[in-house]
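Asker: Contents of target.txt (compact mmCIF, C-alpha atoms and all ligand atoms) are given next:
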# COMPACT_ATOMS: atom_id res chain seq x y z
CA MET C 128 49.39 26.67 58.19
CA ARG C 129 47.40 29.57 56.82
CA ARG C 130 43.78 28.87 55.97
CA ILE C 131 40.74 30.14 54.10
CA VAL C 132 38.48 32.31 56.25
CA THR C 133 34.84 32.71 55.17
CA VAL C 134 32.68 35.58 56.42
CA THR C 135 28.90 35.10 56.60
CA LEU C 136 27.23 38.20 57.99
CA ASN C 137 23.65 37.06 57.47
CA PRO C 138 23.64 33.27 57.85
CA ALA C 139 20.53 31.14 57.89
CA ILE C 140 19.14 27.78 58.70
CA ASP C 141 18.15 26.52 55.24
CA LYS C 142 14.97 24.53 55.70
CA THR C 143 14.01 22.49 52.63
CA ILE C 144 10.53 21.03 52.42
CA ARG C 145 9.24 18.74 49.67
CA LEU C 146 5.62 18.29 48.76
CA PRO C 147 3.87 16.80 45.71
CA HIS C 148 2.37 20.12 44.63
CA PHE C 149 1.82 23.48 46.36
CA ALA C 150 -1.78 24.70 46.47
CA PRO C 151 -1.80 28.33 47.70
CA GLY C 152 -4.48 29.13 50.28
CA ARG C 153 -5.05 25.40 51.08
CA VAL C 154 -3.71 22.98 53.66
CA ASN C 155 -0.62 21.38 52.12
CA ARG C 156 1.00 18.19 53.42
CA VAL C 157 4.79 18.18 53.45
CA THR C 158 6.37 14.82 52.58
CA GLU C 159 9.97 15.52 53.62
CA THR C 160 11.80 18.15 55.68
CA ARG C 161 15.50 18.75 56.12
CA SER C 162 17.51 21.63 57.48
CA ASP C 163 21.12 22.62 56.82
CA PRO C 164 23.40 25.43 57.95
CA GLY C 165 23.17 28.08 55.23
CA GLY C 166 24.30 31.47 53.99
CA LYS C 167 26.82 31.83 51.17
CA GLY C 168 30.01 32.01 53.25
CA ILE C 169 28.93 28.98 55.28
CA ASN C 170 28.20 27.11 52.05
CA VAL C 171 31.73 27.94 50.86
CA ALA C 172 33.14 26.64 54.18
CA ARG C 173 31.09 23.43 53.85
CA VAL C 174 32.44 22.83 50.34
CA LEU C 175 36.01 23.55 51.45
CA LYS C 176 35.75 21.14 54.38
CA GLN C 177 34.46 18.45 52.05
CA TRP C 178 37.55 19.01 49.86
CA GLY C 179 39.94 18.45 52.76
CA GLU C 180 40.63 22.14 53.55
CA ASN C 181 40.48 23.48 57.08
CA PRO C 182 38.35 26.64 56.71
CA LEU C 183 37.45 29.03 59.52
CA ALA C 184 33.90 30.42 59.38
CA LEU C 185 33.13 33.84 60.86
CA GLY C 186 30.09 36.07 61.03
CA TRP C 187 27.11 36.95 63.18
CA VAL C 188 24.59 34.53 64.71
CA GLY C 189 21.70 35.00 67.13
CA GLY C 190 19.38 33.08 69.45
CA HIS C 191 18.54 29.37 69.53
CA ARG C 192 18.73 29.00 65.79
CA GLY C 193 22.18 30.59 65.79
CA GLN C 194 23.25 28.11 68.47
CA SER C 195 21.84 25.25 66.43
CA LEU C 196 23.71 26.52 63.36
CA LEU C 197 27.01 26.49 65.28
CA GLU C 198 26.31 22.96 66.53
CA ARG C 199 25.78 21.86 62.94
CA LEU C 200 29.14 23.36 62.00
CA ASP C 201 30.68 21.46 64.95
CA THR C 202 29.12 18.23 63.69
CA ARG C 203 30.79 18.81 60.33
CA GLY C 204 34.12 19.63 61.99
CA ILE C 205 34.12 23.21 60.66
CA ASP C 206 35.97 25.69 62.91
CA HIS C 207 34.00 28.85 63.62
CA GLN C 208 34.15 32.14 65.52
CA PHE C 209 30.81 33.89 65.28
CA ALA C 210 29.88 37.07 67.16
CA LYS C 211 26.58 36.56 69.01
CA VAL C 212 23.90 39.19 68.51
CA LYS C 213 20.48 39.78 70.06
CA GLY C 214 17.63 38.41 67.95
CA GLU C 215 17.33 35.17 66.01
CA THR C 216 19.27 33.83 63.04
CA ARG C 217 16.85 33.66 60.13
CA THR C 218 15.30 30.58 58.57
CA ASN C 219 15.25 30.44 54.78
CA LEU C 220 12.53 28.16 53.54
CA LYS C 221 12.99 26.36 50.21
CA MET C 222 9.88 24.65 48.94
CA VAL C 223 10.39 21.96 46.30
CA GLU C 224 7.32 20.80 44.36
CA GLU C 225 7.81 17.23 43.22
CA ASP C 226 5.49 17.38 40.19
CA THR C 227 7.29 20.23 38.43
CA GLY C 228 10.60 20.45 40.33
CA ARG C 229 9.82 24.13 40.93
CA VAL C 230 11.71 25.63 43.89
CA THR C 231 10.24 28.59 45.81
CA ASP C 232 12.42 30.49 48.30
CA LEU C 233 11.01 32.40 51.27
CA ASN C 234 13.94 34.24 52.89
CA GLU C 235 13.58 36.07 56.20
CA PRO C 236 15.44 39.40 56.62
CA GLY C 237 17.41 38.20 59.66
CA PHE C 238 18.37 39.91 62.93
CA ARG C 239 19.36 43.56 63.20
CA VAL C 240 22.94 44.39 64.18
CA PHE C 241 24.12 47.42 66.15
CA ASP C 242 27.41 49.33 66.57
CA GLU C 243 28.66 47.02 69.33
CA ASP C 244 28.03 43.98 67.09
CA VAL C 245 30.05 45.60 64.32
CA GLU C 246 32.92 46.28 66.75
CA HIS C 247 32.80 42.72 68.10
CA LEU C 248 32.95 41.23 64.61
CA LEU C 249 35.84 43.49 63.61
CA GLU C 250 37.83 42.21 66.62
CA ILE C 251 37.21 38.60 65.57
CA TYR C 252 38.07 39.47 61.96
CA GLU C 253 41.37 41.18 62.86
CA ALA C 254 42.44 38.11 64.83
CA ALA C 255 41.41 35.79 61.97
CA LEU C 256 43.39 37.86 59.43
CA ARG C 257 46.57 36.74 61.18
CA GLU C 258 45.92 33.14 60.19
CA ALA C 259 44.21 33.81 56.83
CA GLU C 260 45.66 33.08 53.41
CA VAL C 261 42.43 34.03 51.66
CA ILE C 262 39.25 35.73 52.88
CA VAL C 263 35.91 34.91 51.28
CA LEU C 264 33.20 37.55 51.74
CA ALA C 265 29.94 36.10 50.52
CA GLY C 266 26.27 36.95 50.72
CA SER C 267 24.01 39.69 51.99
CA LEU C 268 24.33 42.03 54.98
CA PRO C 269 21.78 41.93 57.82
CA PRO C 270 19.67 44.99 58.64
CA GLY C 271 21.72 47.56 60.59
CA ALA C 272 25.12 46.65 59.08
CA PRO C 273 26.91 49.61 57.42
CA SER C 274 26.39 49.33 53.66
CA ASP C 275 30.15 49.62 53.03
CA PHE C 276 31.01 46.97 55.62
CA TYR C 277 32.56 44.70 52.98
CA GLY C 278 34.66 47.72 51.96
CA THR C 279 35.95 48.00 55.54
CA LEU C 280 36.75 44.27 55.65
CA ILE C 281 38.53 44.45 52.26
CA ASN C 282 40.65 47.43 53.40
CA ARG C 283 41.77 45.64 56.53
CA ALA C 284 42.66 42.46 54.61
CA ARG C 285 44.62 44.42 52.01
CA LYS C 286 46.70 46.04 54.76
CA GLN C 287 47.73 42.51 55.85
CA ASN C 288 48.31 41.36 52.22
CA VAL C 289 45.48 38.84 52.44
CA LYS C 290 43.58 38.15 49.20
CA VAL C 291 39.84 38.81 49.31
CA PHE C 292 37.30 36.96 47.14
CA LEU C 293 33.98 38.83 47.04
CA ASP C 294 30.62 37.29 46.08
CA ALA C 295 27.75 39.67 46.76
CA ASP C 296 24.92 41.57 45.13
CA GLY C 297 23.52 45.13 45.15
CA SER C 298 25.28 47.82 47.14
CA PRO C 299 27.49 45.40 49.14
CA LEU C 300 28.96 44.29 45.77
CA LYS C 301 29.19 47.82 44.42
CA GLU C 302 30.78 49.26 47.55
CA GLY C 303 33.02 46.20 47.94
CA ILE C 304 34.31 46.54 44.37
CA ALA C 305 35.15 50.19 45.07
CA ARG C 306 37.71 48.99 47.68
CA ILE C 307 39.42 46.63 45.18
CA PRO C 308 39.13 43.02 46.37
CA TYR C 309 41.57 40.53 44.81
CA ALA C 310 38.75 38.70 43.00
CA VAL C 311 35.00 39.00 42.42
CA LYS C 312 32.46 36.40 41.28
CA PRO C 313 29.21 38.01 40.26
CA ASN C 314 26.69 36.14 38.16
CA LEU C 315 25.42 37.99 35.09
CA ALA C 316 22.38 39.58 36.78
CA GLU C 317 24.52 40.75 39.72
CA LEU C 318 27.12 42.35 37.45
CA GLU C 319 24.42 44.04 35.36
CA ARG C 320 22.85 45.50 38.53
CA CYS C 321 26.26 46.59 39.78
CA LEU C 322 27.23 48.41 36.57
CA GLY C 323 23.69 49.68 35.94
CA ARG C 324 23.53 48.39 32.36
CA ARG C 325 22.56 45.26 30.45
CA LEU C 326 25.35 43.05 29.11
CA PRO C 327 23.60 41.09 26.38
CA GLN C 328 26.56 40.19 24.13
CA ASP C 329 29.96 38.65 24.77
CA ALA C 330 31.57 41.97 23.74
CA ASP C 331 29.60 43.76 26.50
CA ARG C 332 30.73 41.18 29.06
CA VAL C 333 34.36 41.41 28.01
CA ALA C 334 34.17 45.23 28.26
CA ALA C 335 32.63 44.92 31.72
CA GLY C 336 35.35 42.49 32.82
CA LYS C 337 38.03 44.88 31.57
CA GLU C 338 36.41 47.74 33.42
CA LEU C 339 36.74 45.86 36.73
CA LEU C 340 40.34 44.83 35.96
CA ASP C 341 41.18 48.46 35.18
CA ARG C 342 40.04 49.35 38.68
CA GLY C 343 42.75 47.01 40.03
CA ILE C 344 40.87 43.73 40.62
CA HIS C 345 43.05 40.72 39.64
CA LEU C 346 40.45 38.13 38.76
CA VAL C 347 36.87 38.60 37.60
CA ALA C 348 34.75 35.45 37.30
CA LEU C 349 31.44 36.19 35.62
CA SER C 350 29.24 33.13 36.02
CA GLN C 351 26.33 32.39 33.71
CA GLY C 352 24.67 29.27 35.12
CA ALA C 353 24.33 26.48 32.53
CA GLU C 354 26.23 28.63 30.02
CA GLY C 355 29.40 28.46 32.14
CA ALA C 356 31.46 31.57 32.83
CA TRP C 357 33.89 34.20 31.65
CA PHE C 358 37.16 34.66 33.54
CA PHE C 359 39.11 37.88 33.15
CA THR C 360 42.70 38.54 34.24
CA GLU C 361 45.20 41.22 33.25
CA LYS C 362 46.43 39.03 30.39
CA GLU C 363 43.42 37.29 28.99
CA ALA C 364 39.71 36.65 28.85
CA ILE C 365 38.78 32.97 29.06
CA ARG C 366 35.38 31.59 28.15
CA ALA C 367 34.56 28.32 29.92
CA ILE C 368 31.71 26.06 28.88
CA PRO C 369 30.63 23.28 31.26
CA PRO C 370 29.96 19.74 30.11
CA ASP C 371 26.31 18.67 29.88
CA VAL C 372 24.94 17.64 33.26
CA SER C 373 21.39 16.82 34.19
CA VAL C 374 20.43 19.67 36.46
CA SER C 375 18.67 18.98 39.73
CA ASN C 376 19.08 22.15 41.80
CA PRO C 377 21.52 24.86 40.69
CA VAL C 378 21.43 26.64 44.09
CA GLY C 379 24.93 26.68 45.58
CA ALA C 380 26.71 26.22 42.22
CA GLY C 381 28.11 29.74 42.54
CA ASP C 382 29.23 29.12 46.13
CA THR C 383 31.01 25.96 44.93
CA MET C 384 32.74 27.99 42.23
CA VAL C 385 33.91 30.56 44.80
CA ALA C 386 35.28 27.75 47.00
CA ALA C 387 37.19 26.41 43.99
CA LEU C 388 38.68 29.80 43.12
CA ALA C 389 39.84 30.25 46.72
CA VAL C 390 41.38 26.75 46.82
CA GLY C 391 43.14 27.37 43.49
CA ALA C 392 44.71 30.53 44.91
CA CYS C 393 45.85 28.74 48.09
CA ARG C 394 47.22 25.61 46.41
CA GLY C 395 49.03 27.56 43.69
CA TRP C 396 47.07 26.04 40.81
CA SER C 397 47.47 27.53 37.33
CA LEU C 398 44.60 29.70 36.09
CA ASN C 399 43.45 27.06 33.59
CA GLU C 400 43.51 24.35 36.23
CA THR C 401 41.53 26.55 38.62
CA ILE C 402 38.97 27.41 35.95
CA ARG C 403 38.45 23.80 34.89
CA PHE C 404 38.00 22.67 38.48
CA SER C 405 35.68 25.54 39.40
CA ILE C 406 33.39 25.06 36.41
CA ALA C 407 33.30 21.29 36.87
CA ALA C 408 32.59 21.63 40.60
CA GLY C 409 29.79 24.18 39.98
CA SER C 410 28.20 21.87 37.43
CA VAL C 411 28.33 18.83 39.72
CA THR C 412 26.69 20.87 42.49
CA ALA C 413 23.97 21.97 40.05
CA SER C 414 23.31 18.29 39.28
CA LYS C 415 22.76 17.41 42.95
CA GLU C 416 19.59 17.60 45.05
CA GLY C 417 19.00 20.14 47.83
CA THR C 418 22.05 21.86 49.24
CA GLN C 419 24.53 19.09 48.46
CA PHE C 420 27.84 20.07 46.94
CA SER C 421 30.35 18.56 44.51
CA THR C 422 33.09 16.41 46.02
CA ASP C 423 36.74 16.88 45.08
CA ASP C 424 36.80 13.61 43.07
CA GLU C 425 33.59 14.40 41.18
CA ALA C 426 34.93 17.82 40.14
CA ARG C 427 38.29 16.36 39.13
CA SER C 428 36.73 13.71 36.93
CA LEU C 429 34.63 16.30 35.07
CA ALA C 430 37.37 18.97 34.80
CA ASP C 431 38.85 17.59 31.55
CA HIS C 432 35.46 17.94 29.89
CA VAL C 433 35.27 21.71 30.47
CA ASN C 434 35.80 23.57 27.21
CA LEU C 435 38.06 26.66 27.34
CA SER C 436 38.79 29.29 24.71
CA SER C 437 40.82 32.42 25.30
CA ARG C 438 41.44 35.82 23.82
CA THR C 439 44.14 38.27 24.82
CA LEU C 440 42.74 41.44 26.23
CA GLU C 441 45.43 43.77 24.82
CA GLN C 442 44.73 42.82 21.22
CA ASP C 443 41.10 42.23 21.90
CA HIS C 444 40.64 39.74 19.11
CA GLU C 445 39.67 36.18 19.74
CA SER C 446 42.47 33.70 19.28
CA LYS C 447 39.98 30.84 19.41
CA GLU C 448 42.89 28.94 20.82
CA ARG C 449 41.78 25.71 22.50
CA LEU C 450 43.56 25.46 25.80
CA SER C 451 44.66 22.12 27.07
N1 LIG I 501 22.44 24.38 35.03
C1 LIG I 501 23.77 24.23 35.05
N2 LIG I 501 24.38 23.34 34.21
C2 LIG I 501 25.73 23.21 34.22
N3 LIG I 501 26.55 23.95 35.00
C3 LIG I 501 25.99 24.84 35.83
C4 LIG I 501 24.57 25.03 35.91
N4 LIG I 501 24.31 25.99 36.81
C5 LIG I 501 25.52 26.37 37.29
N5 LIG I 501 26.52 25.69 36.71
C6 LIG I 501 27.98 25.85 36.93
O1 LIG I 501 28.21 26.55 38.16
C7 LIG I 501 28.76 27.85 37.90
C8 LIG I 501 28.15 28.89 38.82
O2 LIG I 501 26.74 28.88 38.67
P1 LIG I 501 25.82 30.19 38.62
O3 LIG I 501 26.25 31.09 37.53
O4 LIG I 501 24.41 29.68 38.60
O5 LIG I 501 26.18 30.85 40.02
P2 LIG I 501 25.26 31.75 40.99
O6 LIG I 501 24.17 32.39 40.22
O7 LIG I 501 26.20 32.61 41.74
O8 LIG I 501 24.68 30.62 41.98
P3 LIG I 501 24.38 30.65 43.56
O9 LIG I 501 24.66 32.03 44.07
O10 LIG I 501 22.96 30.23 43.70
O11 LIG I 501 25.30 29.63 44.19
C9 LIG I 501 28.48 28.11 36.41
O12 LIG I 501 29.45 28.98 35.87
C10 LIG I 501 28.55 26.71 35.82
O13 LIG I 501 29.90 26.32 35.63
MG MG I 502 25.95 33.45 43.61
How would this structure read if it were set down as structure tokens?
Answerer:
Amino acid sequence: MRRIVTVTLNPAIDKTIRLPHFAPGRVNRVTETRSDPGGKGINVARVLKQWGENPLALGWVGGHRGQSLLERLDTRGIDHQFAKVKGETRTNLKMVEEDTGRVTDLNEPGFRVFDEDVEHLLEIYEAALREAEVIVLAGSLPPGAPSDFYGTLINRARKQNVKVFLDADGSPLKEGIARIPYAVKPNLAELERCLGRRLPQDADRVAAGKELLDRGIHLVALSQGAEGAWFFTEKEAIRAIPPDVSVSNPVGAGDTMVAALAVGACRGWSLNETIRFSIAAGSVTASKEGTQFSTDDEARSLADHVNLSSRTLEQDHESKERLS
């Protein structure tokens, strides 16, 4: 059976601390600490495992923290093949203040990788491509990685007819898009940075979606947090609005959406079915504390409450058709 392979080049131990209120420059007492394996591709693998898929997680790890990260994947039953590098896997600290709910992130840059690390990862990747149905490339690159490394990974996957889903920011997104992945899932700020212009109106977003499709990308998912998302394919532009949820911590909602898009592609779901599930799953994740993700059942029960409207891209006028 072919499987979903996630690539996390700059993983992290996500350490979440809670405290009543943060007073800068003072001694602060932490009331609760937890740590989870993190990094966007690893998050996608965690979601997929929870949904009954059998993902394979790849990437780079280093040092004791890297070892601990792999042990945590083992505990969750997630298969992995990481290339070991010198240096330590980073810790990303999330500080949650209980009085306001404010979350502050302090992200370390991570280890540096060298030519031999790049070669080692490419060997692991080539082997994984043979068992991959879909590749998910998600998150940032560590210092030392070639800036077009996602481009290289996309090229190699395309040669083997494996679909690539790309979720990145900055030049990794820009250079990845240039090599035509199957699908991309930027959020609005990421797409604006990538295209170098603001996209304030729906018309701007539809034009941006079309621009990426014209380059040869099959599916563009433009996520907009609580406002839902736009989905663009050759045939149509679909606007999806999530049901109301009480938001706890939206971090990881995008990773959940990427997991859903990848699952939809593997299980042969229709586009509408995939969209409903992905929006519902993202919203459930946003309603959960810390780095907890939507379950399959939770997403399914919310999927019917996602509102979809579509317009055909050729005619470019809104049909305002409600999709069932
Ligand atoms: N506050 C929210 N309320 C309801 N749904 C949400 C909320 N935040 C996110 N979602 C759902 O999750 C999807 C993806 O979220 P978002 O656009 O925030 O992704 P993101 O910025 O890539 O997140 P991240 O990279 O932190 O995982 C949205 O399209 C929406 O369906
Ligand atoms: Mg994201």
Asker: Would you name the residues within 6 Å of ligand LIG 501 (chain I), counting all atoms listed in the file, and put them as a count of residues only?
Answerer: 21
Asker: Nearest to C:Val261 among C:Thr401, C:Ser274, C:Asn170, C:Gln287, with distances taken over all atoms listed in the file: which residue is it?
Answerer: C:Gln287
Asker: For the point (22.1, 34.4, 29.2) in the file's frame, write as a list in words all residues with an atom no more than 8 Å away, counting all atoms listed in the file.
Answerer: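 Checked against the point, the hits come out as Leu315, Pro327, Gln351 and Glu354 of chain C.
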Asker: One number please: atom CA of C:Leu388 to atom CA of C:Leu346, in Å, one decimal.
Answerer: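 The value is 9.6 Å.
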Asker: Tell me which protein, DNA and RNA residues are within 6 Å of stretch 128-139 of chain C, counting only C-alpha atoms, leaving out same-chain ones fewer than 2 positions away, and put them as a list in words.
Answerer: Asp141, Gly165, Gly166, Gly168, Pro182, Leu183, Ala184, Leu185, Gly186, Trp187, Thr216, Arg217, Thr218, Glu258, Ala259, Glu260, Val261, Ile262, Val263, Leu264, Leu268 and Pro269 of chain C
Asker: Could you work out how far atom CA of C:Pro313 lies from atom CA of C:Lys167, giving the answer in Å with one decimal?
Answerer: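 These atoms are spaced 12.8 Å apart.
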Asker: Quote the spacing between atom CA of C:Asp371 and atom CA of C:Arg332 in Å to one decimal place.
Answerer: 23.0 Å
Asker: Between C:Ala265, C:Ile281, C:Val333, C:Ala426, which has the minimum distance to ligand MG 502 (chain I) (counting only C-alpha atoms and all ligand atoms)?
Answerer: C:Ala265
Asker: Using all atoms listed in the file, which of C:Ala305, C:Val240, C:Leu349, C:Val289 sits nearest C:Glu253?
Answerer: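 Smallest separation from C:Glu253 among the options: C:Val289.
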Asker: Within 12 Å of stretch 203-209 of chain C, which residues of stretch 226-309 of chain C show up? Give each one with its shortest atom-to-atom distance in Å (one decimal) and the two atoms involved, counting all atoms listed in the file, rows by chain then rising residue number, as JSON lines.
Answerer:
{"residue": "C:Asp244", "atom": "CA", "partner": "C:Phe209", "partner_atom": "CA", "distance": 10.6}
{"residue": "C:Val245", "atom": "CA", "partner": "C:Phe209", "partner_atom": "CA", "distance": 11.8}
{"residue": "C:His247", "atom": "CA", "partner": "C:Phe209", "partner_atom": "CA", "distance": 9.5}
{"residue": "C:Leu248", "atom": "CA", "partner": "C:Phe209", "partner_atom": "CA", "distance": 7.7}
{"residue": "C:Leu249", "atom": "CA", "partner": "C:Phe209", "partner_atom": "CA", "distance": 11.0}
{"residue": "C:Glu250", "atom": "CA", "partner": "C:Gln208", "partner_atom": "CA", "distance": 10.8}
{"residue": "C:Ile251", "atom": "CA", "partner": "C:Gln208", "partner_atom": "CA", "distance": 7.1}
{"residue": "C:Tyr252", "atom": "CA", "partner": "C:Gln208", "partner_atom": "CA", "distance": 9.0}
{"residue": "C:Glu253", "atom": "CA", "partner": "C:Gln208", "partner_atom": "CA", "distance": 11.9}
{"residue": "C:Ala254", "atom": "CA", "partner": "C:Gln208", "partner_atom": "CA", "distance": 10.2}
{"residue": "C:Ala255", "atom": "CA", "partner": "C:Gln208", "partner_atom": "CA", "distance": 8.9}
Asker: Between C:Arg156, C:Lys211, C:Lys312, C:Arg285, which residue has the minimum interatomic distance to ligand MG 502 (chain I), considering all atoms listed in the file?
Answerer: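 Of C:Arg156, C:Lys211, C:Lys312, C:Arg285, the one nearest ligand MG 502 (chain I) is C:Lys312, counting all atoms listed in the file.
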Asker: Can you work out which one of C:Ala367, C:Val385, C:Ala408, C:Ile304 has the shortest atom-to-atom distance to C:Arg438, counting only C-alpha atoms?
Answerer: C:Ala367
Asker: Excluding same-chain residues fewer than 3 positions from C:Arg427, what lies within 9 Å of it counting only C-alpha atoms, as a list of chain:residue names?
Answerer: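 The filter keeps C:Arg403, C:Phe404, C:Ala407, C:Ala408, C:Thr422, C:Asp423, C:Asp424, C:Ala430, C:Asp431.
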Asker: Could you please give me, as a ChimeraX atom specification, the residues of protein, DNA or RNA lying at most 7 Å from (22.1, 38.9, 69.8) in the coordinate frame of the file, considering only C-alpha atoms?
Answerer: /C:189-190,211-214
Asker: When distances are computed from only C-alpha atoms and all ligand atoms, which of C:Pro147, C:Gly266, C:Gly417, C:Gly343 shows the smallest separation from ligand MG 502 (chain I)?
Answerer: C:Gly266
Asker: Write out as a PDB file with C-alpha atoms, in the coordinates of the input the residues lying within 12 Å of stretch 229-232 of chain C, counting all atoms listed in the file and excluding same-chain residues fewer than 5 positions away.
Answerer:
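Once written, selection-v7.pdb looks like this:
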ATOM      1  CA  ASP C 141      18.150  26.520  55.240  1.00  0.00           C
ATOM      2  CA  LYS C 142      14.970  24.530  55.700  1.00  0.00           C
ATOM      3  CA  THR C 143      14.010  22.490  52.630  1.00  0.00           C
ATOM      4  CA  ILE C 144      10.530  21.030  52.420  1.00  0.00           C
ATOM      5  CA  ARG C 145       9.240  18.740  49.670  1.00  0.00           C
ATOM      6  CA  LEU C 146       5.620  18.290  48.760  1.00  0.00           C
ATOM      7  CA  PRO C 147       3.870  16.800  45.710  1.00  0.00           C
ATOM      8  CA  HIS C 148       2.370  20.120  44.630  1.00  0.00           C
ATOM      9  CA  PHE C 149       1.820  23.480  46.360  1.00  0.00           C
ATOM     10  CA  THR C 218      15.300  30.580  58.570  1.00  0.00           C
ATOM     11  CA  ASN C 219      15.250  30.440  54.780  1.00  0.00           C
ATOM     12  CA  LEU C 220      12.530  28.160  53.540  1.00  0.00           C
ATOM     13  CA  LYS C 221      12.990  26.360  50.210  1.00  0.00           C
ATOM     14  CA  MET C 222       9.880  24.650  48.940  1.00  0.00           C
ATOM     15  CA  VAL C 223      10.390  21.960  46.300  1.00  0.00           C
ATOM     16  CA  GLU C 224       7.320  20.800  44.360  1.00  0.00           C
ATOM     17  CA  SER C 375      18.670  18.980  39.730  1.00  0.00           C
ATOM     18  CA  ASN C 376      19.080  22.150  41.800  1.00  0.00           C
ATOM     19  CA  PRO C 377      21.520  24.860  40.690  1.00  0.00           C
ATOM     20  CA  VAL C 378      21.430  26.640  44.090  1.00  0.00           C
ATOM     21  CA  GLU C 416      19.590  17.600  45.050  1.00  0.00           C
ATOM     22  CA  GLY C 417      19.000  20.140  47.830  1.00  0.00           C
TER      23      GLY C 417
END
Asker: Within 9 Å of C:Leu300, counting all atoms listed in the file, which residues show up once you throw out same-chain ones fewer than 2 positions away? Write them as a PyMOL selection string, please.
Answerer: chain C and resi 277+293-298+302-305+311+313+317-318+321
Asker: Please output stretch 131-145 of chain C, rebuilt to include N, CA and C atoms, as an mmCIF file, keeping the file's coordinate frame.
Answerer:
data_model
loop_
_atom_site.group_PDB
_atom_site.id
_atom_site.type_symbol
_atom_site.label_atom_id
_atom_site.label_comp_id
_atom_site.auth_asym_id
_atom_site.auth_seq_id
_atom_site.Cartn_x
_atom_site.Cartn_y
_atom_site.Cartn_z
ATOM 1 N N ILE C 131 41.757 29.310 54.739
ATOM 2 C CA ILE C 131 40.740 30.140 54.100
ATOM 3 C C ILE C 131 39.716 30.525 55.169
ATOM 4 N N VAL C 132 39.442 31.811 55.269
ATOM 5 C CA VAL C 132 38.480 32.310 56.250
ATOM 6 C C VAL C 132 37.242 32.791 55.493
ATOM 7 N N THR C 133 36.077 32.270 55.845
ATOM 8 C CA THR C 133 34.840 32.710 55.170
ATOM 9 C C THR C 133 34.046 33.586 56.133
ATOM 10 N N VAL C 134 33.473 34.648 55.599
ATOM 11 C CA VAL C 134 32.680 35.580 56.420
ATOM 12 C C VAL C 134 31.226 35.507 55.961
ATOM 13 N N THR C 135 30.340 35.180 56.905
ATOM 14 C CA THR C 135 28.900 35.100 56.600
ATOM 15 C C THR C 135 28.164 36.023 57.563
ATOM 16 N N LEU C 136 27.802 37.184 57.084
ATOM 17 C CA LEU C 136 27.230 38.200 57.990
ATOM 18 C C LEU C 136 25.751 37.940 58.259
ATOM 19 N N ASN C 137 25.084 37.285 57.311
ATOM 20 C CA ASN C 137 23.650 37.060 57.470
ATOM 21 C C ASN C 137 23.318 35.592 57.226
ATOM 22 N N PRO C 138 23.840 34.697 58.104
ATOM 23 C CA PRO C 138 23.640 33.270 57.850
ATOM 24 C C PRO C 138 22.186 32.866 58.049
ATOM 25 N N ALA C 139 21.916 31.609 57.805
ATOM 26 C CA ALA C 139 20.530 31.140 57.890
ATOM 27 C C ALA C 139 20.524 29.655 58.195
ATOM 28 N N ILE C 140 19.409 29.215 58.728
ATOM 29 C CA ILE C 140 19.140 27.780 58.700
ATOM 30 C C ILE C 140 18.348 27.590 57.412
ATOM 31 N N ASP C 141 18.878 26.810 56.488
ATOM 32 C CA ASP C 141 18.150 26.520 55.240
ATOM 33 C C ASP C 141 17.228 25.343 55.492
ATOM 34 N N LYS C 142 15.925 25.612 55.478
ATOM 35 C CA LYS C 142 14.970 24.530 55.700
ATOM 36 C C LYS C 142 14.357 24.163 54.352
ATOM 37 N N THR C 143 14.548 22.926 53.925
ATOM 38 C CA THR C 143 14.010 22.490 52.630
ATOM 39 C C THR C 143 12.822 21.564 52.879
ATOM 40 N N ILE C 144 11.680 21.918 52.311
ATOM 41 C CA ILE C 144 10.530 21.030 52.420
ATOM 42 C C ILE C 144 10.148 20.545 51.016
ATOM 43 N N ARG C 145 9.710 19.290 50.948
ATOM 44 C CA ARG C 145 9.240 18.740 49.670
ATOM 45 C C ARG C 145 7.775 18.419 49.807
#
